[in-house]
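To start, the structure under review is shown below, and the notes come after it.
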Amino acid sequence: MYQAAIHKMHVQRLLRGLVVLCVALLLAFPSMAAGQLSIYLQKVQPAEIFPGATRFGEVTGYPPIAPVFRGDSLLGYAYLNSDVTSSVGYSGKPIHIVVGIDPKGVVRGLKLVDHKEPIVLIGIPEAKVVASVNALIGKDLGRVSAGAERPPQVDIVSGATVTVLVMGDSVVRSAVKLIRSNRLGADAAARPGSSTEIRKVDPNKTDTSDWQTLIGNGSVRSLRLTVGEVSEAFRQAGQPGAAGRPETHGPGDRFIDLYIAPVSVPAIGRSLLGDSRYQQMRAKLKPGEEAIVVAGDGAYSFKGSGYVRGGIFDRIELLQDGQGLRFRDRYHTRLPALAAPGAPRLREIALFVVPAEFDFDVTAPWELQLLVQRSAGGREKAALPYNLGFTLPGDYVTVEAASASPPTTVAPSVAEQATPAEPIPEGEPLWMKMWDMNRVTVAITVAAVLVLTLIFFFQDWLVKRPALFAWVRRGYLSFTLVWLGWYANAQLSVVNVLTFFNSLVTGFHWEFFLSAPLVFILWGSVAAALLFWGRGPFCGWLCPFGALQELTNNVAQWLKVPQVRVPWGLHERLWPIKYIIFLGLFGLSLYSLALAEMFSEVEPFKTAIILKFVREWPFVIFALTMLSAGLFIERFYCRYLCPLGAALAIPGRIRMFEWLKRWPECGSPCQRCAKECPVQSIHPEGAINVNECIYCMHCQELYHDDQRCPHMIQVRLKREKFMALSTPVSRGEVPAKTAVTHKGAPIRKAETAPGNPV
């Protein structure tokens, strides 16, 4: 009892200590508890965000705002965008902007006080980005808050599209929120008054319809543009450079067919997604969330080629009631097809979840803005917005009279309103649909992996036939480059490794990795191969860029291009570079996965394989430089710079078998394998460094070659000498009882003894 009391007393003291510590921290850091405006306001002079201002008042409220004065006259207020709304940029870190806004809701000034954007830090001048966002100065966001105007757009800065859009969107969204909170004064335009009616989605309307019916009754809205129409729009907007650079040569070609629909509405969702997928989607929706489908086809992608995991869809924006939302990857799911009968087969179909914080009302009018971007010459880009409006047809809506005192609680989402009593059926997962759609490519990839497995298991039989093995290897590398790389785009990347580790930390989901069938098969094969052969099967056989390097080097050797052999001492100091690059990218991914993905462009895979050299000239020059170096030093990039090879070499040390055979003479005195190894993975002492080996099997060809391997030459000479000094009988080739002398008489037993030639 005494010990229990003592233990209870210690626990109580510990709890009291924690409470005191928390209170002390809150008192010591009030600015952290109430936003960061007080911190960043120290970096701003009043006149920088308000012309003529002389001082700031006391920071108050949450989100915090500070009055701005000229003498004793109130000019307006200052606030920090990141205190009011999300402003996370490409780096994964918030972009902090101090905004000056007057009581009428007009933006009077902006100052970028802190950011971690890599695009701005390493290349594009910050002044250029700031100048683009400064276009918001003077905009009346009070009218935007009242729904009288659409949110203003900033000018696009080529190479920093995501950064600029995030900055502009965060300023507009934060200002509208503050205006609607009535914290800026009565002069700011208020949000439209609440209606005397409450509109809700009818949960009882669940009938499905075909595609033509959905289009006809307005359940699905579309925007259709031709290349010529877009070119003419750029011309009228005063952008002749962009007008002269169409996506295709035919003005009548389809630029984009864009379709939108709210699939959290039961009848529309069941029609477009199918019943099972609709139920799965609805089960995942959190209270207050809605979902829309965006689908497109044509020369222009609404997703954009610059989209990366962890990034933003910078070409589309959801607009409603003066607010805008750009979707991030965590709100996105790729769909293989639309379930409605008669629906066209579209190139891009995306399911987007609208987060609850956006306060999206699916029964009210909303718009999807498509940002059309074109090169205007050099590195400059021009942009045009196209708005596709949507109003939910009245058949899906029920109208109720508003109560005199509306409740303050958040209304239940559509998912909660229509949740059935019976359990939700599982249905077929999305990743299974993806595998079903890619049955042919999956079958070819699996067959290729099985063929490679047979090559490795029967390598001794193959390498004893050098001519056949040479054709097999070059044929397989050609398949890897042309089909696996250029056609199927199944080029693995160090980004896959970083993404996998990041998912283990933040929440692992098999569905994410299973949604890319070929990449999943290749990674599964690589993981299994690491136990048997290390990184060699991928680097030496399944990497399209590695295949491109080796095949181009083979052509160079055939054309008598001189080959450079790196001195062993220098080679031994160069190959660790790729491990340093990998560790740098890995450490960077812990800080920002998006930033690590940007720096992973040290891999030329995307340029040479995925985009087939159709890219900006700096990337193309880098890829061609790596390939050019490989003409003189075989697999130059693989040896010294590839971070993916380094990532695979580290776990490759756990391999369970040693398949590469060596003779006792290897390394001492024989150096033939070491000198002929294409990637110099054999030490002068004769040991094979499996971390650097690409498993080309050239050393195994030499191992069995009795014309080039010194050990096998000695074996062959002994065999030939024995053959010359022995008889068929002494070698056991002819049975003694049937052997006869040259005169026809039987051979006596003594004559067949060893050492007695016939």
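The chains in the structure tokens are called A, B, ... from first to last as shown; in each chain the residues are counted from 1, and the ligands are counted from 1 in the order shown.
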
Would you pick out the contacts of Val620 (chain A) at 9 Å or less, using only C-alpha atoms, so that residues sharing its chain but fewer than 4 positions from it are not included, and give the list as a PDB file with C-alpha atoms, in the first residue's frame?
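around.pdb was written with the following content:
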ATOM      1  CA  PRO A 604      18.358  11.784 -67.132  1.00  0.00           C
ATOM      2  CA  THR A 607      14.339  13.214 -70.449  1.00  0.00           C
ATOM      3  CA  ALA A 608      15.801  10.323 -72.438  1.00  0.00           C
ATOM      4  CA  PHE A 613      14.242  14.041 -75.513  1.00  0.00           C
ATOM      5  CA  VAL A 614      11.203  16.271 -76.187  1.00  0.00           C
ATOM      6  CA  ARG A 615      11.963  18.694 -73.367  1.00  0.00           C
ATOM      7  CA  GLU A 616      13.616  21.999 -72.467  1.00  0.00           C
ATOM      8  CA  LEU A 624      23.132  13.856 -74.231  1.00  0.00           C
ATOM      9  CA  THR A 625      26.264  14.706 -72.241  1.00  0.00           C
TER      10      THR A 625
END

All residues 10 Å or closer to Phe358 (chain A), only C-alpha atoms, same chain fewer than 5 positions away omitted, as a list in words =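 My list of contacting residues is Arg173, Gly288, Glu289, Glu290, Leu318, Gln320, Gln323, Gly324 and Leu325 of chain A.
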
Among the residues A:Trp366, A:Phe313, A:Trp483, A:Tyr396, the one that comes closest to Val166 (chain A) [using only C-alpha atoms] =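 Residue with the minimum atom-to-atom distance to Val166 (chain A): A:Phe313.
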
d(CA of Glu634 (chain A), CA of Glu676 (chain A)) in Å |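 Spanning CA of Glu634 (chain A) to CA of Glu676 (chain A) is a straight-line distance of 11.4 Å.
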
Residues of region 629-730 of chain A in helix (DSSP H, G or I) according to DSSP, as a VMD selection string?
-> chain A and resid 629 to 632 636 to 640 643 to 652 672 to 676 698 to 704 710 to 725

Leaving out region 333-340 of chain A and any residue of its chain fewer than 5 positions from it, which residues lie within 6 Å of it when counting only C-alpha atoms, given as a list of chain:residue names?
->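 Those residues are A:Asp210, A:Trp211, A:Ser271, A:Leu272, A:Leu273, A:Gly274, A:Ile349, A:Ala350, A:Leu351.
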
Could you take the residues named above and write them with C-alpha atoms, as a compact mmCIF listing (two decimals), in the first residue's frame?
# COMPACT_ATOMS: atom_id res chain seq x y z
CA ASP A 210 -26.50 6.61 -69.51
CA TRP A 211 -23.96 9.09 -70.85
CA SER A 271 -23.94 6.54 -62.98
CA LEU A 272 -20.36 7.68 -63.62
CA LEU A 273 -18.45 5.53 -61.10
CA GLY A 274 -20.55 2.41 -60.89
CA ILE A 349 -10.12 10.83 -65.75
CA ALA A 350 -9.56 12.14 -62.23
CA LEU A 351 -11.59 11.92 -59.05

Quick one: residues within 9 Å of Glu603 (chain A), only C-alpha atoms counted, chain neighbours fewer than 3 positions away excluded, as a PDB file with C-alpha atoms, in the first residue's frame?
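Wrote it out as part_37.pdb, contents follow:
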ATOM      1  CA  SER A 493      13.642   6.040 -60.650  1.00  0.00           C
ATOM      2  CA  VAL A 494      15.199   6.986 -57.346  1.00  0.00           C
ATOM      3  CA  PHE A 599      16.720  17.584 -57.564  1.00  0.00           C
ATOM      4  CA  SER A 600      16.259  13.990 -58.714  1.00  0.00           C
ATOM      5  CA  LYS A 606      12.745  11.252 -67.609  1.00  0.00           C
ATOM      6  CA  THR A 607      14.339  13.214 -70.449  1.00  0.00           C
ATOM      7  CA  ALA A 623      21.110  13.669 -71.001  1.00  0.00           C
ATOM      8  CA  LEU A 641      26.427   9.232 -60.910  1.00  0.00           C
ATOM      9  CA  CYS A 642      23.319   7.029 -60.756  1.00  0.00           C
ATOM     10  CA  PRO A 643      21.575   7.449 -57.355  1.00  0.00           C
ATOM     11  CA  LEU A 644      19.150   4.621 -58.120  1.00  0.00           C
TER      12      LEU A 644
END

Using only C-alpha atoms, the residue out of A:Lys200, A:Arg143, A:Arg662, A:Arg639 with shortest distance to Gln700 (chain A) is A:Arg662

Can you pull out every residue within 7 Å of Leu258 (chain A), counting only C-alpha atoms, but drop anything in the same chain fewer than 3 positions away, and send it as a PyMOL selection string?
-> chain A and resi 222-224+295-297

Might you pull out every residue within 7 Å of Val293 (chain A), with only C-alpha atoms counted and same-chain residues fewer than 6 positions away left off, and present them as an NGL selection string?
-> :A and (260-263 or 350-352)

Do you have the CA of Ile215 (chain A)-CA of Ile256 (chain A) distance handy?
->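 Value for the CA of Ile215 (chain A)-CA of Ile256 (chain A) distance: 16.8 Å.
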
Quick one: DSSP strand (DSSP E) residues in region 77-184 of chain A, as a PyMOL selection string?
-> chain A and resi 77-80+96-101+107-114

In Å to one decimal, how far is CA of Ala596 (chain A) from CA of Trp523 (chain A)?
-> 20.3 Å
